[in-house]
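**Q** Handing you this structure, nothing more for now.
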Amino acid sequence: MSKATSIRDAVSARLPRRHRAERRFQAYGLAAIVMAVIFLAFLVGSIIIQSVPAFTAHRLTLPVMLTEDLVDPRGDRSEASLRRGSYNSAMQAALREQFPGIESRTELRELFGLYSAINSARLLSQVVEDPDLVGQTIEFEFPISDDADLYLKGQTVDERREAGRAPITLTVDGETVTLRGDEPVFAVFSDRLRQAMTQRAEADEAEAARLIATLDRIIDRDEREVTDAQIERAQRRAERLRLQLADASGLQLGPRDPSLLVRAGETVIAIRSISSDGQTAQGEILLPAGLGPRRVSDWVLWEIETPAATRLITDRQIVFTRTLRDRGLVRNGFNTLLFVNADSREPELAGVRGAFVGSILTMVVTMLLAVPIGVGAAIYLEEFAPKNPVTAFIEVNINNLAAVPSIVFGLLGLAVYINIFGLPRSTPLVGGMVLAIMTLPTVIISSRAALKAVPPSIREAALGVGASKTQAVFHHVLPLALPGMLTGSIIGLAQALGETAPLLMIGMVAFVADPPFFGLSGFTEPATVMPVQIFIWSTSAERAFEARTAAAILVLLTLMIVFNAVAIYLRRRYERRW
Amino acid sequence: MQITVIVALALLVLTAIGFLVGRRRATRVASGQPSALHSLPSYYGYYIAIWTGLPALTLLFAYGSFGSSLVNILTMGELEREAAPLIRAYEADLSESPDYQTLNEALGQIETEIEATRNALEQARQARGPVDGYQRDLGELTLDRNDVSDAIENLREQIAFAVAARAPDSVAGHRARAGFEYWRARPDRRDLFIADARAIAFQEGFPSRVTPTLNAAGAAMVPWESLFRWSFAGAALALAVGGLTWARGQVSAGFRARNRVEGVISIVLFATSVIAILTTLGIVLSLVFESIRFFAAIEWRIHEFLFGLQWSPQIGIRADQVGQTGAFGAVPLFAGTALITVIAMCVAVPVGLFSAIYLSEYASPKFRSVAKPVLEILAGVPTVVYGFFALLTVGPFLREFAIFLGYEDAVTQSALSAGLVMGVMIIPFVSSLSDDVINAVPQSLRDGAYAMGATKSEAVRQVVLPAALPGIVGAILLAVSRAIGETMIVVMAAGPGANLTANPLESVTTITVQIVMLITGDQEFSSAKTLSAFALALVLFTLTLLLNIVALRVVERFRERYE
Amino acid sequence: MADIEFLDTSSEPRGDTLYHPVTVGYETKVATQGVSVRYGEKVALKDVTMDIPSRAVTACIGPSGCGKSTFLRAINRMNDTIDNAQVSGSVLIDGEEVNDRSVDPVVLRARVGMVFQKPNPFPKTIYENVAYGPKIHGLAGDRDQLDGIVETSLKKAGLWDEVADRLTHPGTSLSGGQQQRLVIARAIAVNPEVILMDEPCSALDPIATARIEELIDELRENYTLIIVTHSMAQAARVSQMTAFFHLGALVEYGPTEEIFTNPRDQRTQDYITGRFG
């Protein structure tokens with residue numbers, strides 16, 4: 001065998017392995033990109049899914065009687081008098097009309113919790129605009145509270161309803177109602193509940209046992225205290241459940257258990273205890289609607305699986321909400337308030353308009369400062385600057401500024417603009433100035449790249465026919481570099497549009513309930529911007545803000561896509577290759 | 001409309017007129033022979049327009065920036081002078097009040113005791129003796145001092161009230177009372193006083209309250225304000241007209257108008273590029289200055305700030321509180337920042353680097369044209385969106401997963417979720433920088449490898465990557481600097497608790513999170529708590545600056561080698 | 001015009017340069033005295049002294065990097081645009097010092113037009129390309145005058161017939177040779193006295209080259225032309241005077257025929273006969 005063939009054999013022997021390595025390597029690369037793409041899809045997808053509930057809202061329409069003694073205390077239809085009227089009372093009266101049997105204060109408080117009193121301001125302005133409405137009954141539409149809205153969307157409460165299996169007899173004795181079925185109609189529910197309670201008790205006991213086992217290993221005093229408390233809680237929970245289960249008289253239902261309602265006609269009864277045979281139950285009336293027949297065969301067993309203790313809407317409010325919807329007074333529709341309102345403490349009234357206007361005002365300031373200064377600096381450095389230490393220093397400076405964390409610019413704004421120059425806090429003016437210095441390096445660097453891309457022959461040609469340096473730059477180089485400069489500036493502005501941290505430093509987290517005035521004075525009034533609004537909402541406790549945050553993110557992303565699309569269009573349209 | 005706006009508009013009109021005048025004048029001088037002129041006629045126009053507009057507008061801008069503070073100073077000076085009798089009466093009453101003297105003596109005594117106790121405490125501490133007793137004494141003394149100070153303040157208030165009541169109920173009396181109130185006010189109250197007075201006098205926003213003294217102060221501002229407003233307006237207009245006339249006189253055929261105008265242009269352009277330096281200077285000065293104030297507030301225990309293990313700035317709200325010592329140890333923040341950065345890099349570096357390799361060496365142009373924009377979109381998503389995602393999706397998911405795996409103490413705001421999401425944010429950063437670097441490696445190196453029968457991956461791994469290594473290291477350093485400075489993701493996803501731990505499933509805090517907490521929480525600017533944010537920012541700035549300088553140096557070296 | 005002794009014929013060379021006697025009478029348009037140019041540490045041109053005749057074509061030849069382009073740029077002070085260039089010596093046009101502080105390079109460049117190696121029309125219309133110079137120098141009072149200047153310039157550059165009906169097309173849409181003639185028209189439009197051409201045909205095909213050479217010959221009647229060329233044939237065809245540069249120095253200078261038929265310096269001879277280049 002010759003030497004050449006042996007080498008060839010050696011090479012081919014290794015070849016499959018090398019090819020496998022090749023394919024593996026390539027797969028890693030592809031996997032990396034696929035991971036990035038999947039992540040992006042996951043990010044955008046989850047935000048879109050989360051945002052869906054925010055785009056619709058349930059609204060309540062009620063016939064509101066604008067009686068004169070409520071809304072026009074002086075009775076002269078003057079604006080001053082109308083402004084002193086109690087419109088919320090008119091709305092409350094309209095709501096009470098729907099539920100005549102509701103009398104006690106706690107019940108009424110729950111009823112009026114279905115909407116926020118701020119809505120009456122809109123009723124007021126409607127009446128002030130048209131005083132003839134006094135004395136009339138108008139159909140007034142307003143958003144229902146966020147908790148009721150989320151309930152209707154099925155987001156916070158799990159429930160199931162089934163028709164009663166056999167007729168029941170109702171006996172009313174003061175507050176309590178006794179329900180006796182012809183058959184053990186409640187047995188299915190109580191069995192299921194007992195089972196669940198047993199499981200929970202067992203889990204709690206296991207948890208306590210596990211924690212007790214770890215106790216020996218804990219030396220730290222604080223940690224020991226924490227663990228002790230955990231053990232105690234678990235034990236107490238288990239104990240309570242065991243007691244509940246051991247009760248021979250029947251099953252008592254508390255706020256930590258699912259709620260069981262019985263609905264007959266419009267009357268709704270909340271069950272408080274079920275006899276052990278599952279045939280009799282005792283409860284209280286949630287919604288009285290003329291307790292007519294003592295014996296009902298057409299009734300509904302309504303189980304609200306989410307315990308009252310873990311939801312923000314009460315049993316009675318659920319009953320109110322559902323009754324109003326069954327009467328056709330609550331309708332679902334597109335949530336326009338999200339786009340026309342400014343921020344609000346009530347999620348159902350909160351909108352992005354204030355932040356949107358604030359963002360635009362801030363961007364105007366940023367643009368007016370960053371673009372001319374950035375382009376000017378780029379022209380100077382690229383076309384005019386002599387090669388000397390000062391120029392070199394400026395260049396190093398700009399490169400380093402580009403890498404300074406954005407939050408530091410916020411602190412600069414706080415220390416210099418607000419504390420030294422005394423500019424007003426929380427305003428688009430200061431926000432825009434901070435973002436401008438943050439964006440400046442981006443604008444300068446991209447503008448210089450655009451200037452560099454213009455070939456020197458153009459400059460020579462202009463100089464050759466006797467143009468001065470300034471003329472050569474402004475007549476020939478600048479027009480050619482302009483699209484590139486604009487693209488860079490827009491991309492810089494889009495970055496600034498999404499920036500949050502520096503604005504937190506200058507107090508743009510302030511709660512601003514009115515959208516800023518879209519004009520000159522708007523620049524010096526407190527405002528917030530889209531990303532900060534997103535931050536504020538995302539840290540809010542109300543569950544309803546979660547979807548609204550996602551919706552606000554979509555608005556912001558849309559805005560940024562528009563910015564970037566303009567930049568890409570400009571680049572495609574005017575890009576010139578040399 | 002405001003007079004300044006009108007004047008500004010008038011100046012713009014004058015500037016335009018100046019331009020036209022200059023151009024006409026030049027044509028006239030040339031007597032129909034444009035080539036006789038040194039410059040084009042329009043340059044004479046620009047020249048005159050610059051002289052008309054620039055000085056006058058500068059003056060107007062100066063008025064706009066400093067005019068109102070000038071008015072405030074003058075008005076309040078005037079009112080304080082008018083309040084001189086009240087001030088004298090107040091001081092006389094104070095010095096005559098026996099209570100006041102007693103209280104002041106008591107205060108002095110307590111201060112001396114505090115000083116003595118503090119010294120004793122310090123000595124005991126150095127001698128490593130028991131310090132509890134001293135600390136308890138110090139606490140009690142401080143409380144005593146606060147009581148006495150409050151009493152003094154109350155007494156002053158009473159006397160001031162009595163003195164002010166003696167002023168007549170006339171305009172002059174209100175003015176004097178206004179000056180007196182202002183004279184007695186603390187600096188921040190003074191600002192509020194002026195803001196309210198201005199709000200009443202000039203409808204600048206809404207006053208927080210309306211009192212006779214505020215009304216008087218507001219009224220006193222009006223004459224000064226209008227004097228300045230009109231004189232500055234007049235001066236600006238006069239300057240404009242003067243500039244126009246003077247510049248017009250200069251126009252002659254040989255006058256080098258173009259060179260003058262171009263000179264102004266290049267000065268303006270130079271000024272714009274100096275702003276970059278001013279910004280850096282502003283950052284450095286403000287950070288250093290406020291940090292010095294912070295270190296002064298914690299009695300120059302810089303080593304404790306840099307190496308202390310305990311971070312709980314809340315304790316330091318009351319500057320004289322006992323036990324404040326040791327609250328500003330920033331090591332947990334540095335460790336938290338490092339932990340999250342390491343996690344982020346574990347995601348970003350492999351994914352970013354492999355993406356870059358695939359895109360530059362393997363991908364078809366078509367694939368590249370799809371994949372690159374996707375990566376760019378990842379770079380363009382605002383960080384607050386990543387934060388939201390980490391908080392609501394990744395955090396809970398990781399927690400559930402950890403509990404599923406048997407780690408019961410998992411929390412939603414963990415270092416891992418913040419680090420993972422931050423890593424994703426940085427992927428495009430790493431990939432585009434590495435892409436540049438890989439593309440800068442000359443084709444001849446690859447050709448050399450292929451010519452010897454290397455497969456593509458062998459060429460990449462054994463030739464291209466080693467050649468690009470310095471550039472890639474630079475890129476990673478830049479990415480690290482970005483991760484350290486990133487704020488919103490960690491604010492939302494990492495949590496505020498300063499735990500010193502290396503467990504990625506626990507909650508840690510970072511430098512940037514603390515800066516946000518400190519600045520957005522407390523409004524009082526000069527407390528040690530707020531100032532500590534600047535010291536943290538100084539650390540952050542220095543760190544990122546160093547990383548950046550090193551990274552740029554490394555990348556530059558790499559480029560020089562192949563260009 | 002009186003016959004003027006152009007340069008001393010008999011005596012020893014000035015500096016290291018060999019000067020040939022000139023028999024035809026010329027007026028001196030451009031006179032350089034000891035011009036040296038340094039780019040930082042590097043000396044690109046050293047001590048060049050030569051008188052350039054009016055209304056004639058002077059060709060500068062020599063191997064790459066010999067300083068001929070630098071010499072050209074010294075005449076209209078284009079070296080000012082290079083940051084670290086230092087020019088010493090004097091350049092006189094009609095006896096006026098070009099490097100004088102009081103001379104505005106802008107005005108100078110209006111008098112001394114320049115055509116570059118690669119055609120570099122502005123990315124604007126043909127019309128605007130030619131009209132730009134007159135506009136910035138204020139040479140036309142109104143639109144009609146400007147139209148006239150554009151037309152004349154394009155005619156002089158021999159391009160009018162080809163572009164008369166598409167003046168609004170972009171200058172970059174023309175072919176290479178047309179672009180170069182457009183650039184020449186642009187230079188002529190400001191009515192310069194001297195036109196510098198830096199290898200004007202190096203980027204063109206032979207037919208376009210012939211066209212430009214013809215044009216150069218025509219322009220000789222009204223302008224002083226100084227042309228840098230790599231092609232000895234071209235120098236021989238179009239120029240009246242030839243200067244041979246080598247390593248930054250002017251080696252030999254004289255009437256073209258003399259230089260080509262009777263080079264005195266060995267290096268000149270080697271270059272012309274193609275031994276190096």
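Chain labels A, B, ... are given in the sequence in which chains occur in the structure tokens; within each chain residues are numbered consecutively from 1, and ligands are likewise numbered from 1 in the order shown.
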Quick check for you: according to DSSP on this backbone, which residues of region 273-305 of chain A are classed as strand (DSSP E)? Reply as a PDB file with C-alpha atoms, in the first residue's frame.

**A**
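states-v2.pdb written:
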```
ATOM      1  CA  SER A 273     -74.871  25.368  56.101  1.00  0.00           C
ATOM      2  CA  ILE A 274     -75.870  22.033  54.654  1.00  0.00           C
ATOM      3  CA  SER A 275     -77.244  19.185  56.734  1.00  0.00           C
ATOM      4  CA  THR A 280     -81.689  20.471  54.000  1.00  0.00           C
ATOM      5  CA  ALA A 281     -79.743  23.698  53.907  1.00  0.00           C
ATOM      6  CA  GLN A 282     -79.895  27.004  55.687  1.00  0.00           C
ATOM      7  CA  GLY A 283     -78.958  30.347  54.186  1.00  0.00           C
ATOM      8  CA  GLU A 284     -79.606  34.023  53.961  1.00  0.00           C
ATOM      9  CA  ILE A 285     -81.284  36.019  51.275  1.00  0.00           C
ATOM     10  CA  LEU A 286     -78.887  37.912  49.066  1.00  0.00           C
ATOM     11  CA  LEU A 287     -81.387  39.321  46.663  1.00  0.00           C
ATOM     12  CA  ARG A 295     -92.309  25.383  47.024  1.00  0.00           C
ATOM     13  CA  VAL A 296     -90.164  25.799  43.893  1.00  0.00           C
ATOM     14  CA  TRP A 299     -84.417  26.662  40.598  1.00  0.00           C
ATOM     15  CA  VAL A 300     -80.703  26.828  39.956  1.00  0.00           C
ATOM     16  CA  LEU A 301     -77.821  25.629  42.091  1.00  0.00           C
ATOM     17  CA  TRP A 302     -75.098  28.244  41.569  1.00  0.00           C
ATOM     18  CA  GLU A 303     -71.666  27.343  42.835  1.00  0.00           C
ATOM     19  CA  ILE A 304     -68.980  30.033  42.932  1.00  0.00           C
TER      20      ILE A 304
END
```

**Q** Counting only C-alpha atoms, which residues from chain A have an atom at most 6 Å from any atom of chain B, and could you show them as a list in words?

**A**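 Only these qualify: Glu22, Gly29, Ala32, Ile33, Ile373, Gly376, Ala377, Tyr380, Pro405, Leu412 and Gly498 of chain A.
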
**Q** Could those selected residues go to a file with all heavy atoms, as an mmCIF file, in the first residue's frame?

**A**
```
data_model
loop_
_atom_site.group_PDB
_atom_site.id
_atom_site.type_symbol
_atom_site.label_atom_id
_atom_site.label_comp_id
_atom_site.auth_asym_id
_atom_site.auth_seq_id
_atom_site.Cartn_x
_atom_site.Cartn_y
_atom_site.Cartn_z
ATOM 1 N N GLU A 22 -19.425 19.247 11.819
ATOM 2 C CA GLU A 22 -19.853 20.378 10.995
ATOM 3 C C GLU A 22 -21.354 20.612 11.154
ATOM 4 O O GLU A 22 -21.823 21.727 11.402
ATOM 5 C CB GLU A 22 -19.515 20.077 9.525
ATOM 6 C CG GLU A 22 -20.113 21.039 8.521
ATOM 7 C CD GLU A 22 -19.373 22.352 8.507
ATOM 8 O OE1 GLU A 22 -18.179 22.356 8.825
ATOM 9 O OE2 GLU A 22 -20.011 23.367 8.212
ATOM 10 N N GLY A 29 -25.771 27.062 15.710
ATOM 11 C CA GLY A 29 -26.037 28.416 15.220
ATOM 12 C C GLY A 29 -27.503 28.616 14.933
ATOM 13 O O GLY A 29 -28.112 29.605 15.354
ATOM 14 N N ALA A 32 -29.527 28.866 18.032
ATOM 15 C CA ALA A 32 -29.419 30.158 18.702
ATOM 16 C C ALA A 32 -30.409 31.141 18.107
ATOM 17 O O ALA A 32 -31.138 31.843 18.821
ATOM 18 C CB ALA A 32 -27.989 30.688 18.571
ATOM 19 N N ILE A 33 -30.450 31.181 16.774
ATOM 20 C CA ILE A 33 -31.352 32.131 16.136
ATOM 21 C C ILE A 33 -32.800 31.761 16.400
ATOM 22 O O ILE A 33 -33.629 32.612 16.731
ATOM 23 C CB ILE A 33 -31.055 32.197 14.627
ATOM 24 C CG1 ILE A 33 -29.701 32.859 14.432
ATOM 25 C CG2 ILE A 33 -32.132 32.979 13.904
ATOM 26 C CD1 ILE A 33 -29.226 32.874 13.034
ATOM 27 N N ILE A 373 -28.543 69.861 17.350
ATOM 28 C CA ILE A 373 -27.237 69.849 18.019
ATOM 29 C C ILE A 373 -26.412 68.660 17.523
ATOM 30 O O ILE A 373 -25.227 68.799 17.196
ATOM 31 C CB ILE A 373 -27.412 69.789 19.550
ATOM 32 C CG1 ILE A 373 -28.054 71.086 20.038
ATOM 33 C CG2 ILE A 373 -26.077 69.579 20.232
ATOM 34 C CD1 ILE A 373 -28.353 71.102 21.508
ATOM 35 N N GLY A 376 -25.316 69.223 13.936
ATOM 36 C CA GLY A 376 -24.294 70.270 13.916
ATOM 37 C C GLY A 376 -22.950 69.735 14.387
ATOM 38 O O GLY A 376 -21.915 69.960 13.751
ATOM 39 N N ALA A 377 -22.989 69.001 15.500
ATOM 40 C CA ALA A 377 -21.731 68.453 16.023
ATOM 41 C C ALA A 377 -21.118 67.478 15.026
ATOM 42 O O ALA A 377 -19.900 67.479 14.812
ATOM 43 C CB ALA A 377 -21.989 67.757 17.363
ATOM 44 N N TYR A 380 -19.505 69.396 12.255
ATOM 45 C CA TYR A 380 -18.249 70.010 12.686
ATOM 46 C C TYR A 380 -17.142 68.966 12.752
ATOM 47 O O TYR A 380 -16.061 69.150 12.198
ATOM 48 C CB TYR A 380 -18.423 70.682 14.051
ATOM 49 C CG TYR A 380 -17.131 71.281 14.538
ATOM 50 C CD1 TYR A 380 -16.675 72.487 14.008
ATOM 51 C CD2 TYR A 380 -16.343 70.636 15.463
ATOM 52 C CE1 TYR A 380 -15.471 73.029 14.410
ATOM 53 C CE2 TYR A 380 -15.140 71.158 15.875
ATOM 54 C CZ TYR A 380 -14.707 72.362 15.338
ATOM 55 O OH TYR A 380 -13.513 72.883 15.719
ATOM 56 N N PRO A 405 -24.904 54.545 31.254
ATOM 57 C CA PRO A 405 -26.252 54.036 31.531
ATOM 58 C C PRO A 405 -27.270 55.181 31.552
ATOM 59 O O PRO A 405 -26.975 56.264 32.060
ATOM 60 C CB PRO A 405 -26.113 53.410 32.915
ATOM 61 C CG PRO A 405 -24.682 53.135 33.087
ATOM 62 C CD PRO A 405 -23.944 54.155 32.290
ATOM 63 N N LEU A 412 -28.276 63.358 36.184
ATOM 64 C CA LEU A 412 -27.740 64.638 35.720
ATOM 65 C C LEU A 412 -28.877 65.643 35.615
ATOM 66 O O LEU A 412 -28.766 66.790 36.057
ATOM 67 C CB LEU A 412 -27.066 64.452 34.356
ATOM 68 C CG LEU A 412 -26.650 65.741 33.655
ATOM 69 C CD1 LEU A 412 -25.450 66.347 34.338
ATOM 70 C CD2 LEU A 412 -26.332 65.498 32.201
ATOM 71 N N GLY A 498 -38.891 54.906 24.157
ATOM 72 C CA GLY A 498 -39.100 53.735 25.005
ATOM 73 C C GLY A 498 -38.364 53.820 26.331
ATOM 74 O O GLY A 498 -38.383 52.877 27.103
#
```

**Q** If you run DSSP over the backbone, which residues in region 105-319 of chain A end up helix (DSSP H, G or I)? Put them as an mmCIF file with C-alpha atoms, in the first residue's frame.

**A**
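File part.cif, as written:
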```cif
data_model
loop_
_atom_site.group_PDB
_atom_site.id
_atom_site.type_symbol
_atom_site.label_atom_id
_atom_site.label_comp_id
_atom_site.auth_asym_id
_atom_site.auth_seq_id
_atom_site.Cartn_x
_atom_site.Cartn_y
_atom_site.Cartn_z
ATOM 1 C CA ARG A 105 -76.321 50.026 54.564
ATOM 2 C CA THR A 106 -73.879 47.163 54.050
ATOM 3 C CA GLU A 107 -75.984 45.873 51.196
ATOM 4 C CA LEU A 108 -76.175 49.319 49.644
ATOM 5 C CA ARG A 109 -72.445 49.814 49.991
ATOM 6 C CA GLU A 110 -71.930 46.627 48.033
ATOM 7 C CA LEU A 111 -74.431 47.758 45.434
ATOM 8 C CA PHE A 112 -72.790 51.157 44.984
ATOM 9 C CA ALA A 117 -68.391 57.803 41.948
ATOM 10 C CA ILE A 118 -66.104 59.711 39.564
ATOM 11 C CA ASN A 119 -68.525 58.767 36.807
ATOM 12 C CA SER A 120 -70.959 61.327 38.159
ATOM 13 C CA ALA A 121 -68.607 64.066 36.929
ATOM 14 C CA ARG A 122 -69.533 63.169 33.393
ATOM 15 C CA LEU A 123 -73.219 63.296 34.282
ATOM 16 C CA LEU A 124 -72.619 66.732 35.769
ATOM 17 C CA SER A 125 -70.983 68.089 32.638
ATOM 18 C CA GLN A 126 -73.780 66.631 30.562
ATOM 19 C CA VAL A 127 -76.358 68.507 32.647
ATOM 20 C CA VAL A 128 -74.361 71.739 32.771
ATOM 21 C CA GLU A 129 -74.213 71.639 29.006
ATOM 22 C CA PRO A 131 -79.816 72.394 31.800
ATOM 23 C CA ASP A 132 -83.112 71.339 30.250
ATOM 24 C CA LEU A 133 -82.274 67.785 31.278
ATOM 25 C CA ASP A 146 -63.154 46.686 37.205
ATOM 26 C CA ASP A 147 -63.913 43.795 39.561
ATOM 27 C CA ALA A 148 -67.377 43.285 38.086
ATOM 28 C CA ASP A 149 -65.906 43.658 34.596
ATOM 29 C CA LEU A 150 -63.288 40.994 35.257
ATOM 30 C CA TYR A 151 -65.963 38.750 36.769
ATOM 31 C CA LEU A 152 -68.105 39.071 33.680
ATOM 32 C CA ALA A 187 -75.422 16.160 48.552
ATOM 33 C CA VAL A 188 -73.353 16.307 45.397
ATOM 34 C CA PHE A 189 -71.959 19.688 46.346
ATOM 35 C CA SER A 190 -71.283 18.855 49.975
ATOM 36 C CA ASP A 191 -69.568 15.581 49.074
ATOM 37 C CA ARG A 192 -67.334 17.278 46.591
ATOM 38 C CA LEU A 193 -66.510 20.006 49.060
ATOM 39 C CA ARG A 194 -65.775 17.522 51.841
ATOM 40 C CA GLN A 195 -63.407 15.712 49.557
ATOM 41 C CA ALA A 196 -61.577 18.907 48.633
ATOM 42 C CA MET A 197 -61.390 19.955 52.273
ATOM 43 C CA THR A 198 -59.961 16.615 53.290
ATOM 44 C CA GLN A 199 -57.302 16.927 50.626
ATOM 45 C CA ARG A 200 -56.415 20.425 51.738
ATOM 46 C CA ALA A 201 -56.194 19.366 55.360
ATOM 47 C CA GLU A 202 -53.920 16.500 54.444
ATOM 48 C CA ALA A 203 -51.702 18.788 52.399
ATOM 49 C CA ASP A 204 -51.460 21.259 55.277
ATOM 50 C CA GLU A 205 -50.577 18.507 57.716
ATOM 51 C CA ALA A 206 -47.911 17.183 55.382
ATOM 52 C CA GLU A 207 -46.518 20.683 55.015
ATOM 53 C CA ALA A 208 -46.375 21.139 58.776
ATOM 54 C CA ALA A 209 -44.650 17.789 59.179
ATOM 55 C CA ARG A 210 -42.086 18.681 56.515
ATOM 56 C CA LEU A 211 -41.337 22.010 58.176
ATOM 57 C CA ILE A 212 -40.995 20.425 61.600
ATOM 58 C CA ALA A 213 -38.469 18.016 60.124
ATOM 59 C CA THR A 214 -36.347 20.892 58.853
ATOM 60 C CA LEU A 215 -36.473 22.677 62.197
ATOM 61 C CA ASP A 216 -33.438 20.836 63.580
ATOM 62 C CA ARG A 217 -31.232 22.042 60.797
ATOM 63 C CA ARG A 221 -32.842 32.642 65.070
ATOM 64 C CA ASP A 222 -34.780 34.801 62.609
ATOM 65 C CA GLU A 223 -35.196 31.961 60.191
ATOM 66 C CA ARG A 224 -36.381 29.726 62.995
ATOM 67 C CA GLU A 225 -39.035 32.214 63.961
ATOM 68 C CA VAL A 226 -40.231 32.404 60.372
ATOM 69 C CA THR A 227 -40.424 28.632 60.115
ATOM 70 C CA ASP A 228 -42.225 28.346 63.441
ATOM 71 C CA ALA A 229 -44.835 30.793 62.217
ATOM 72 C CA GLN A 230 -45.234 28.820 58.998
ATOM 73 C CA ILE A 231 -45.728 25.616 60.917
ATOM 74 C CA GLU A 232 -48.294 27.209 63.154
ATOM 75 C CA ARG A 233 -50.248 28.598 60.215
ATOM 76 C CA ALA A 234 -50.319 25.253 58.448
ATOM 77 C CA GLN A 235 -51.393 23.476 61.596
ATOM 78 C CA ARG A 236 -54.139 25.980 62.311
ATOM 79 C CA ARG A 237 -55.464 25.678 58.766
ATOM 80 C CA ALA A 238 -55.540 21.902 59.008
ATOM 81 C CA GLU A 239 -57.178 22.032 62.415
ATOM 82 C CA ARG A 240 -59.921 24.330 61.195
ATOM 83 C CA LEU A 241 -60.637 22.080 58.237
ATOM 84 C CA ARG A 242 -60.712 18.971 60.434
ATOM 85 C CA LEU A 243 -63.145 20.679 62.800
ATOM 86 C CA GLN A 244 -65.355 21.692 59.883
ATOM 87 C CA LEU A 245 -65.316 18.138 58.567
ATOM 88 C CA ALA A 246 -66.002 16.611 61.973
ATOM 89 C CA ALA A 308 -64.989 34.889 48.744
ATOM 90 C CA ALA A 309 -61.770 35.457 50.689
ATOM 91 C CA THR A 310 -59.645 35.234 47.549
ATOM 92 C CA ASP A 315 -71.278 37.172 46.480
ATOM 93 C CA ARG A 316 -73.922 39.858 46.505
ATOM 94 C CA GLN A 317 -72.088 41.977 43.917
ATOM 95 C CA ILE A 318 -71.843 38.937 41.679
ATOM 96 C CA VAL A 319 -75.573 38.481 42.028
#
```

**Q** With a cut-off of 7 Å and counting only C-alpha atoms, select all residues of chain C in contact with chain B and give the selection as a compact mmCIF listing (two decimals) with all heavy atoms, in the first residue's frame.

**A**
```txt
# COMPACT_ATOMS: atom_id res chain seq x y z
N ILE C 136 -22.73 80.13 -7.45
CA ILE C 136 -22.08 80.51 -6.20
C ILE C 136 -21.14 81.69 -6.40
O ILE C 136 -20.86 82.42 -5.47
CB ILE C 136 -21.31 79.36 -5.51
CG1 ILE C 136 -20.27 78.77 -6.46
CG2 ILE C 136 -22.25 78.28 -5.01
CD1 ILE C 136 -19.28 77.88 -5.75
N HIS C 137 -20.70 81.90 -7.63
CA HIS C 137 -19.82 83.06 -7.83
C HIS C 137 -20.60 84.27 -8.30
O HIS C 137 -20.01 85.32 -8.54
CB HIS C 137 -18.71 82.70 -8.83
CG HIS C 137 -17.78 81.66 -8.29
ND1 HIS C 137 -17.03 81.85 -7.17
CD2 HIS C 137 -17.52 80.39 -8.70
CE1 HIS C 137 -16.33 80.76 -6.93
NE2 HIS C 137 -16.61 79.85 -7.83
N GLY C 138 -21.91 84.11 -8.44
CA GLY C 138 -22.74 85.24 -8.84
C GLY C 138 -22.41 85.75 -10.24
O GLY C 138 -22.38 86.95 -10.48
N LEU C 139 -22.12 84.81 -11.16
CA LEU C 139 -21.71 85.24 -12.50
C LEU C 139 -22.89 85.55 -13.39
O LEU C 139 -22.73 86.18 -14.43
CB LEU C 139 -20.86 84.14 -13.16
CG LEU C 139 -19.58 83.80 -12.41
CD1 LEU C 139 -18.79 82.75 -13.15
CD2 LEU C 139 -18.73 85.05 -12.20
```

**Q** Could you give me, as a Markdown table, every chain A residue with an atom at most 9 Å from chain C, plus its closest atom pair and distance in Å to one decimal, counting only C-alpha atoms, rows ordered by chain then number?

**A**
```
| residue | atom | partner | partner_atom | distance |
| --- | --- | --- | --- | --- |
| A:Pro386 | CA | C:Asp83 | CA | 7.0 |
| A:Lys387 | CA | C:Asp83 | CA | 7.0 |
| A:Ser457 | CA | C:Asn120 | CA | 5.9 |
| A:Ile458 | CA | C:Phe122 | CA | 6.3 |
| A:Glu460 | CA | C:Met78 | CA | 8.2 |
| A:Ala461 | CA | C:Asn120 | CA | 6.4 |
| A:Ala462 | CA | C:Phe122 | CA | 8.2 |
| A:Leu463 | CA | C:Arg109 | CA | 7.3 |
| A:Gly464 | CA | C:Met114 | CA | 5.2 |
| A:Val465 | CA | C:Gly133 | CA | 5.7 |
| A:Gly466 | CA | C:Arg109 | CA | 4.4 |
| A:Ala467 | CA | C:Val106 | CA | 5.9 |
| A:Ser468 | CA | C:Val106 | CA | 5.4 |
| A:Lys469 | CA | C:Val106 | CA | 8.4 |
| A:Gln471 | CA | C:Ile136 | CA | 8.3 |
| A:His476 | CA | C:Phe122 | CA | 7.4 |
| A:Leu480 | CA | C:Pro123 | CA | 8.3 |
```
